[in-house]
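Enquirer: The file below is entry14.csv, CSV, C-alpha atoms:
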```csv
chain,number,residue,atom,x,y,z
M,1,MET,CA,-2.6,-137.9,31.0
M,2,ALA,CA,-1.3,-134.4,31.6
M,3,ALA,CA,-3.8,-131.7,31.8
M,4,VAL,CA,-3.8,-129.3,28.9
M,5,SER,CA,-4.4,-125.7,29.6
M,6,ARG,CA,-5.7,-123.5,26.8
M,7,VAL,CA,-5.7,-119.7,26.5
M,8,GLN,CA,-9.1,-118.8,25.1
M,9,TRP,CA,-9.0,-116.3,22.3
M,10,ASN,CA,-11.4,-113.5,22.8
M,11,PRO,CA,-12.0,-112.0,19.3
M,12,SER,CA,-13.1,-108.7,20.9
M,13,GLN,CA,-9.8,-108.1,22.5
M,14,SER,CA,-6.2,-107.9,21.4
M,15,VAL,CA,-3.4,-108.1,23.9
M,16,THR,CA,-0.2,-106.3,23.1
M,17,PRO,CA,2.9,-106.3,25.3
M,18,ILE,CA,4.3,-102.8,25.4
M,19,GLY,CA,7.9,-102.5,26.5
M,20,PHE,CA,9.6,-99.5,28.0
M,21,THR,CA,13.3,-98.7,28.3
M,22,ALA,CA,15.5,-95.9,29.4
M,23,ASN,CA,18.2,-95.2,26.8
M,24,ALA,CA,19.9,-93.0,29.4
M,25,ALA,CA,21.0,-93.2,33.0
M,26,GLN,CA,18.8,-91.8,35.7
M,27,GLY,CA,20.4,-90.1,38.6
M,28,ALA,CA,19.2,-89.6,42.2
M,29,GLY,CA,16.2,-87.5,42.9
M,30,VAL,CA,15.1,-87.4,39.3
M,31,THR,CA,11.6,-87.7,37.8
M,32,ALA,CA,11.9,-89.2,34.4
M,33,PHE,CA,9.5,-90.5,31.7
M,34,MET,CA,10.1,-93.4,29.4
M,35,LEU,CA,8.5,-95.5,26.8
M,36,TYR,CA,10.7,-96.1,23.8
M,37,GLN,CA,13.3,-93.7,25.2
M,38,TYR,CA,14.1,-91.6,28.2
M,39,SER,CA,13.4,-87.9,28.9
M,40,THR,CA,12.6,-85.7,31.8
M,41,VAL,CA,10.0,-84.1,29.5
M,42,GLU,CA,7.0,-86.4,29.3
M,43,ASN,CA,5.6,-85.3,25.9
M,44,ARG,CA,8.8,-86.1,24.2
M,45,VAL,CA,8.5,-89.8,25.0
M,46,ALA,CA,4.8,-90.5,25.4
M,47,MET,CA,2.8,-92.2,22.7
M,48,GLN,CA,-0.9,-92.1,21.9
M,49,ALA,CA,-3.2,-95.0,22.4
M,50,PRO,CA,-4.5,-96.0,19.0
M,51,CYS,CA,-7.7,-97.3,20.4
M,52,ASP,CA,-9.6,-97.8,23.7
M,53,GLY,CA,-8.1,-100.4,26.0
M,54,THR,CA,-6.9,-101.4,29.4
M,55,ILE,CA,-3.4,-101.3,30.8
M,56,ARG,CA,-2.3,-103.8,33.4
M,57,ASN,CA,0.5,-106.1,34.5
M,58,LEU,CA,3.3,-103.5,35.0
M,59,TYR,CA,6.8,-105.0,35.4
M,60,ALA,CA,9.9,-102.9,36.0
M,61,TYR,CA,13.5,-103.7,36.2
M,62,SER,CA,16.6,-101.7,37.1
M,63,ASP,CA,20.1,-102.6,36.1
M,64,VAL,CA,21.2,-101.9,39.7
M,65,ALA,CA,19.5,-101.9,43.0
M,66,PRO,CA,18.6,-98.4,44.2
M,67,GLY,CA,20.5,-98.9,47.5
M,68,ALA,CA,19.7,-99.2,51.2
M,69,GLY,CA,16.7,-97.0,52.1
M,70,GLU,CA,16.3,-95.9,48.5
M,71,THR,CA,13.6,-96.4,45.9
M,72,LEU,CA,12.7,-96.3,42.3
M,73,THR,CA,8.9,-95.8,41.8
M,74,TYR,CA,7.3,-96.6,38.5
M,75,THR,CA,3.9,-95.3,37.6
M,76,VAL,CA,1.9,-95.7,34.4
M,77,ARG,CA,0.7,-92.3,33.2
M,78,VAL,CA,-2.4,-91.9,31.1
M,79,ALA,CA,-3.5,-88.5,29.7
M,80,GLU,CA,-0.6,-86.9,31.6
M,81,ALA,CA,-1.9,-88.1,35.0
M,82,ASP,CA,-0.7,-90.8,37.4
M,83,THR,CA,-2.7,-94.0,37.5
M,84,ALA,CA,-3.1,-96.7,40.1
M,85,VAL,CA,-0.8,-99.0,38.1
M,86,THR,CA,2.5,-98.5,40.0
M,87,CYS,CA,5.3,-100.5,41.6
M,88,GLN,CA,8.5,-99.8,43.5
M,89,ILE,CA,11.9,-101.2,43.6
M,90,ALA,CA,13.4,-100.7,47.0
M,91,GLY,CA,16.5,-101.4,49.0
M,92,ALA,CA,20.0,-102.7,48.4
M,93,ALA,CA,19.1,-105.9,46.7
M,94,ASP,CA,15.9,-105.6,44.7
M,95,GLN,CA,16.1,-104.9,41.0
M,96,GLU,CA,12.6,-105.9,40.0
M,97,ALA,CA,9.0,-105.0,40.9
M,98,ASN,CA,5.6,-105.4,39.5
M,99,ASP,CA,1.9,-104.5,39.8
M,100,LEU,CA,-0.3,-107.4,38.9
M,101,ASN,CA,-3.4,-106.1,40.8
M,102,ASN,CA,-4.3,-102.7,39.3
M,103,SER,CA,-5.4,-101.7,35.9
M,104,VAL,CA,-6.4,-98.5,34.1
M,105,GLU,CA,-8.8,-97.7,31.3
M,106,VAL,CA,-7.4,-95.9,28.3
M,107,ASN,CA,-9.2,-94.0,25.6
M,108,ALA,CA,-8.0,-93.7,22.0
M,109,ASP,CA,-5.7,-90.7,21.7
M,110,ASP,CA,-4.7,-90.7,25.4
M,111,MET,CA,-1.0,-90.1,25.9
M,112,ILE,CA,0.7,-93.0,27.6
M,113,SER,CA,4.1,-93.1,29.4
M,114,VAL,CA,5.8,-94.6,32.4
M,115,LYS,CA,7.1,-92.3,35.1
M,116,CYS,CA,10.1,-93.3,37.2
M,117,VAL,CA,10.9,-91.3,40.3
M,118,SER,CA,14.3,-92.0,41.9
M,119,SER,CA,14.7,-91.2,45.6
M,120,ALA,CA,17.2,-88.6,46.8
M,121,GLY,CA,20.0,-91.0,47.3
M,122,ALA,CA,19.2,-93.7,44.7
M,123,ALA,CA,22.0,-95.2,42.7
M,124,ILE,CA,22.4,-94.2,39.1
M,125,SER,CA,20.3,-96.7,37.1
M,126,ARG,CA,18.8,-97.6,33.8
M,127,SER,CA,15.3,-98.9,33.8
M,128,SER,CA,13.3,-101.1,31.6
M,129,GLY,CA,10.1,-103.1,31.8
M,130,GLY,CA,6.7,-103.6,30.2
M,131,PHE,CA,2.9,-103.8,30.6
M,132,LEU,CA,0.0,-105.2,28.7
M,133,PHE,CA,-2.3,-103.1,26.5
M,134,ILE,CA,-5.6,-104.9,26.0
M,135,ALA,CA,-7.3,-103.2,23.1
M,136,ARG,CA,-11.0,-102.9,22.8
M,137,GLY,CA,-13.5,-101.8,20.2
M,138,PHE,CA,-12.8,-103.8,17.1
P,1,MET,CA,5.5,-97.5,18.3
P,2,SER,CA,6.9,-94.2,19.4
P,3,PRO,CA,9.8,-92.8,17.4
P,4,GLY,CA,10.1,-89.7,19.5
P,5,SER,CA,11.9,-88.3,16.6
P,6,SER,CA,13.0,-84.9,15.6
P,7,GLY,CA,14.0,-83.8,12.2
P,8,GLY,CA,15.2,-80.8,10.2
P,9,ALA,CA,13.4,-78.5,7.7
P,10,GLY,CA,12.8,-80.3,4.5
P,11,SER,CA,14.1,-83.6,5.7
P,12,THR,CA,12.7,-87.1,5.0
P,13,PHE,CA,13.7,-89.9,7.4
P,14,TYR,CA,12.5,-93.2,8.7
P,15,SER,CA,12.1,-94.4,12.3
P,16,VAL,CA,10.6,-97.0,14.5
P,17,GLY,CA,11.0,-97.5,18.2
P,18,ALA,CA,13.5,-95.2,19.9
P,19,GLY,CA,14.6,-91.9,18.4
P,20,ALA,CA,17.3,-93.2,16.0
P,21,ASN,CA,16.4,-91.8,12.6
P,22,SER,CA,17.7,-93.0,9.3
P,23,ALA,CA,17.7,-91.9,5.7
P,24,SER,CA,17.2,-95.6,4.9
P,25,ASP,CA,13.8,-97.2,5.4
P,26,ASP,CA,15.2,-100.6,6.4
P,27,TYR,CA,17.4,-99.4,9.2
P,28,ARG,CA,14.8,-100.2,11.9
P,29,VAL,CA,11.5,-101.9,11.1
P,30,TRP,CA,8.4,-103.3,12.7
P,31,ILE,CA,7.7,-106.8,11.4
P,32,ALA,CA,4.1,-108.0,11.3
P,33,PRO,CA,4.1,-111.1,13.6
P,34,CYS,CA,1.1,-112.6,11.8
P,35,ASP,CA,-1.4,-111.7,9.1
P,36,CYS,CA,-3.1,-108.5,10.4
P,37,THR,CA,-4.6,-105.2,9.5
P,38,LEU,CA,-2.9,-101.9,10.4
P,39,ASP,CA,-5.2,-98.9,11.1
P,40,ARG,CA,-5.8,-96.0,13.4
P,41,LEU,CA,-2.6,-94.1,12.9
P,42,TYR,CA,-2.0,-91.4,15.5
P,43,ALA,CA,0.8,-88.8,15.5
P,44,ARG,CA,1.7,-86.0,17.8
P,45,SER,CA,4.5,-83.6,18.4
P,46,ASP,CA,5.6,-82.3,21.8
P,47,ASN,CA,4.9,-78.7,20.8
P,48,ASN,CA,2.8,-77.2,18.0
P,49,ILE,CA,4.3,-77.3,14.6
P,50,ALA,CA,5.4,-73.8,13.5
P,51,ALA,CA,2.8,-71.8,11.6
P,52,GLY,CA,3.0,-72.5,7.9
P,53,GLU,CA,4.9,-75.7,8.4
P,54,SER,CA,3.8,-79.4,8.6
P,55,TRP,CA,5.0,-82.8,9.5
P,56,THR,CA,3.7,-85.8,7.6
P,57,VAL,CA,3.8,-89.3,9.0
P,58,THR,CA,3.2,-92.2,6.7
P,59,VAL,CA,3.4,-95.9,7.4
P,60,ARG,CA,5.7,-97.4,4.7
P,61,GLU,CA,6.1,-101.0,3.8
P,62,VAL,CA,9.8,-101.7,3.3
P,63,GLY,CA,10.6,-102.8,-0.2
P,64,VAL,CA,7.1,-101.8,-1.4
P,65,GLY,CA,6.4,-98.2,-0.7
P,66,ASP,CA,4.2,-95.8,1.1
P,67,THR,CA,0.8,-97.2,2.3
P,68,ALA,CA,-2.4,-95.3,2.5
P,69,LEU,CA,-2.1,-94.9,6.2
P,70,THR,CA,-0.9,-91.3,6.6
P,71,CYS,CA,-1.6,-88.1,8.5
P,72,THR,CA,-0.2,-84.6,8.6
P,73,ILE,CA,0.4,-82.4,11.7
P,74,ASP,CA,-0.3,-78.9,10.4
P,75,GLY,CA,1.2,-75.7,11.6
P,76,GLY,CA,-0.2,-74.4,14.8
P,77,THR,CA,-1.3,-77.9,15.9
P,78,ASN,CA,0.4,-80.9,17.5
P,79,THR,CA,-1.8,-83.9,16.7
P,80,ALA,CA,-3.1,-85.7,13.6
P,81,ASN,CA,-4.6,-89.1,12.8
P,82,ASP,CA,-5.9,-91.3,10.1
P,83,LEU,CA,-8.9,-93.2,11.2
P,84,VAL,CA,-10.1,-94.0,7.7
P,85,ASN,CA,-7.5,-96.1,5.9
P,86,THR,CA,-6.4,-99.7,6.5
P,87,VAL,CA,-3.4,-101.7,5.4
P,88,ASN,CA,-3.6,-105.5,5.0
P,89,ALA,CA,-0.3,-107.0,6.2
P,90,SER,CA,1.0,-110.5,5.9
P,91,ALA,CA,3.2,-112.2,8.5
P,92,GLY,CA,6.8,-111.0,8.0
P,93,ASP,CA,6.0,-107.8,6.2
P,94,GLN,CA,8.2,-105.0,7.4
P,95,TYR,CA,6.9,-101.5,8.1
P,96,VAL,CA,8.5,-98.2,9.2
P,97,PHE,CA,7.3,-94.7,9.9
P,98,LYS,CA,8.2,-92.3,7.1
P,99,MET,CA,8.6,-88.7,8.4
P,100,VAL,CA,8.5,-85.7,6.1
P,101,CYS,CA,9.2,-82.2,7.4
P,102,SER,CA,8.2,-79.2,5.4
P,103,ASN,CA,10.6,-76.4,4.5
P,104,ASN,CA,8.6,-73.2,4.2
P,105,GLY,CA,11.1,-71.0,6.0
P,106,GLY,CA,9.7,-71.2,9.5
P,107,TRP,CA,10.7,-74.7,10.6
P,108,VAL,CA,11.3,-75.3,14.3
P,109,ASN,CA,12.4,-78.8,15.4
P,110,GLU,CA,10.0,-80.8,17.5
P,111,TYR,CA,9.7,-84.4,18.8
P,112,VAL,CA,7.1,-86.5,17.1
P,113,SER,CA,5.8,-89.9,18.1
P,114,ALA,CA,3.4,-92.1,16.2
P,115,CYS,CA,1.5,-95.3,16.6
P,116,PHE,CA,-1.0,-97.5,14.8
P,117,ARG,CA,-3.2,-100.4,15.8
P,118,TRP,CA,-2.6,-103.9,14.5
P,119,VAL,CA,-5.3,-106.5,14.5
P,120,PRO,CA,-4.6,-110.1,13.8
P,121,THR,CA,-6.7,-111.5,10.9
```
As structure tokens, what does this structure read like?
Expert:
Amino acid sequence: MAAVSRVQWNPSQSVTPIGFTANAAQGAGVTAFMLYQYSTVENRVAMQAPCDGTIRNLYAYSDVAPGAGETLTYTVRVAEADTAVTCQIAGAADQEANDLNNSVEVNADDMISVKCVSSAGAAISRSSGGFLFIARGF
Amino acid sequence: MSPGSSGGAGSTFYSVGAGANSASDDYRVWIAPCDCTLDRLYARSDNNIAAGESWTVTVREVGVGDTALTCTIDGGTNTANDLVNTVNASAGDQYVFKMVCSNNGGWVNEYVSACFRWVPT
């Protein structure tokens, strides 16, 4: 008989996948912010956390590899500060990266965004990805 | 959900997700994936709303009307919330943010985002 794995529902938590996407191309040497759209101004794209929670499991994807010796670095931002949740797409072949190790605590009303920094010679790219928001306090 | 939307003086529009605004409330919607409650509405603008003006965000159920979940960013501020009201949603119900910009003569366009919590029931 095959083993059956079950995901146990924790009624004190609610896990919501949050996607982010850049609706514009990002050039080389640019620091951009994205969530539901793209801007070089963070507070035009950030959203507020509706409750306390934890962010983890960051995944990032670029439509093109950044190029040999080049990088795209993604960092979850909370309350307008970088967090430990970060990953990097590097080189001429990679188009994906993730951070499945780090997490960050979020308070209700904190601004949330994803920052993407392209290195000086990175290819023009469009990014997307997602992370988990694990709500607490209900 | 983060509309990241900007509107003009006296305008009413609807938005969910990216900054594509519409005069129609069913252009882009959020669909409740299961029976749930919606609460804890937060809204913020990238800069303070101009003095004497306001920006009202209301969660609207498509085909039904405005819900009680609403808040207003007043002039001179850039955040608002509704931590009091709750909406009971059934799986498949469609919702959108309704944005109403005032028109008192001093309007300056800003970018507004909003979100609410949904809790499965």
Enquirer: I'd like to know which of M:Ser103, M:Thr83, M:Ser113, M:Asn98 is closest to Met47 (chain M), using all atoms listed in the file.
Expert: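 Of M:Ser103, M:Thr83, M:Ser113, M:Asn98, the one nearest Met47 (chain M), counting all atoms listed in the file, is M:Ser113.
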Enquirer: Which residue, M:Ile124, M:Ala84, M:Phe133, M:Asp94, has the smallest gap to chain P when you use only C-alpha atoms?
Expert: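 Among M:Ile124, M:Ala84, M:Phe133, M:Asp94, it is M:Phe133 that comes nearest to chain P.
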Enquirer: Would you list the contacts of region 89-96 of chain P as a PyMOL selection string, taking every protein, DNA or RNA residue within 7 Å and counting only C-alpha atoms, but skipping same-chain residues closer than 5 positions in sequence?
Expert: chain P and resi 14-16+25+29-37+59-62
Enquirer: Compute the chain M side of the contact with chain P at 8 Å, counting only C-alpha atoms, and hand it back as a ChimeraX atom specification.
Expert: /M:14,35-37,43-51,109
Enquirer: Between M:Ala68, M:Val117, M:Ala28, M:Val76, which residue has the minimum interatomic distance to Ala93 (chain M), considering only C-alpha atoms?
Expert: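 Among the listed residues, the smallest separation from Ala93 (chain M) belongs to M:Ala68.
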Enquirer: Could you please determine the separation between CA of Thr31 (chain M) and CA of Cys87 (chain M) in Å, to one decimal place?
Expert: 14.8 Å
Enquirer: Can you tell me how far CA of Gly76 (chain P) sits from CA of Glu53 (chain P), in Å to one decimal?
Expert: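 If I compute the distance from CA of Gly76 (chain P) to CA of Glu53 (chain P), I get 8.3 Å.
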Enquirer: Neighbours of Ala32 (chain M) within 12 Å (all atoms listed in the file; same-chain residues fewer than 3 positions away dropped), as a tab-separated table (two decimals) with C-alpha atoms, keeping the file's coordinate frame?
Expert:
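Result file is out-v9.tsv:
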```
chain	number	residue	atom	x	y	z
M	21	THR	CA	13.30	-98.70	28.30
M	22	ALA	CA	15.50	-95.90	29.40
M	23	ASN	CA	18.20	-95.20	26.80
M	24	ALA	CA	19.90	-93.00	29.40
M	25	ALA	CA	21.00	-93.20	33.00
M	26	GLN	CA	18.80	-91.80	35.70
M	27	GLY	CA	20.40	-90.10	38.60
M	28	ALA	CA	19.20	-89.60	42.20
M	29	GLY	CA	16.20	-87.50	42.90
M	35	LEU	CA	8.50	-95.50	26.80
M	37	GLN	CA	13.30	-93.70	25.20
M	38	TYR	CA	14.10	-91.60	28.20
M	39	SER	CA	13.40	-87.90	28.90
M	40	THR	CA	12.60	-85.70	31.80
M	41	VAL	CA	10.00	-84.10	29.50
M	42	GLU	CA	7.00	-86.40	29.30
M	43	ASN	CA	5.60	-85.30	25.90
M	44	ARG	CA	8.80	-86.10	24.20
M	45	VAL	CA	8.50	-89.80	25.00
M	46	ALA	CA	4.80	-90.50	25.40
M	72	LEU	CA	12.70	-96.30	42.30
M	73	THR	CA	8.90	-95.80	41.80
M	74	TYR	CA	7.30	-96.60	38.50
M	75	THR	CA	3.90	-95.30	37.60
M	76	VAL	CA	1.90	-95.70	34.40
M	77	ARG	CA	0.70	-92.30	33.20
M	113	SER	CA	4.10	-93.10	29.40
M	114	VAL	CA	5.80	-94.60	32.40
M	115	LYS	CA	7.10	-92.30	35.10
M	116	CYS	CA	10.10	-93.30	37.20
M	117	VAL	CA	10.90	-91.30	40.30
M	118	SER	CA	14.30	-92.00	41.90
M	119	SER	CA	14.70	-91.20	45.60
M	125	SER	CA	20.30	-96.70	37.10
M	126	ARG	CA	18.80	-97.60	33.80
M	127	SER	CA	15.30	-98.90	33.80
```
Enquirer: Go ahead and compute the interatomic distance for CA of Ala23 (chain P) and CA of Gly19 (chain M), in Å to one decimal.
Expert: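 So the two atoms, CA of Ala23 (chain P) and CA of Gly19 (chain M), lie 25.3 Å apart.
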Enquirer: Neighbourhood query: residues within 6 Å of (4.6, -84.9, 8.6), file coordinates, counting all atoms listed in the file; return as a ChimeraX atom specification.
Expert: /P:54-57,72-73,99-101
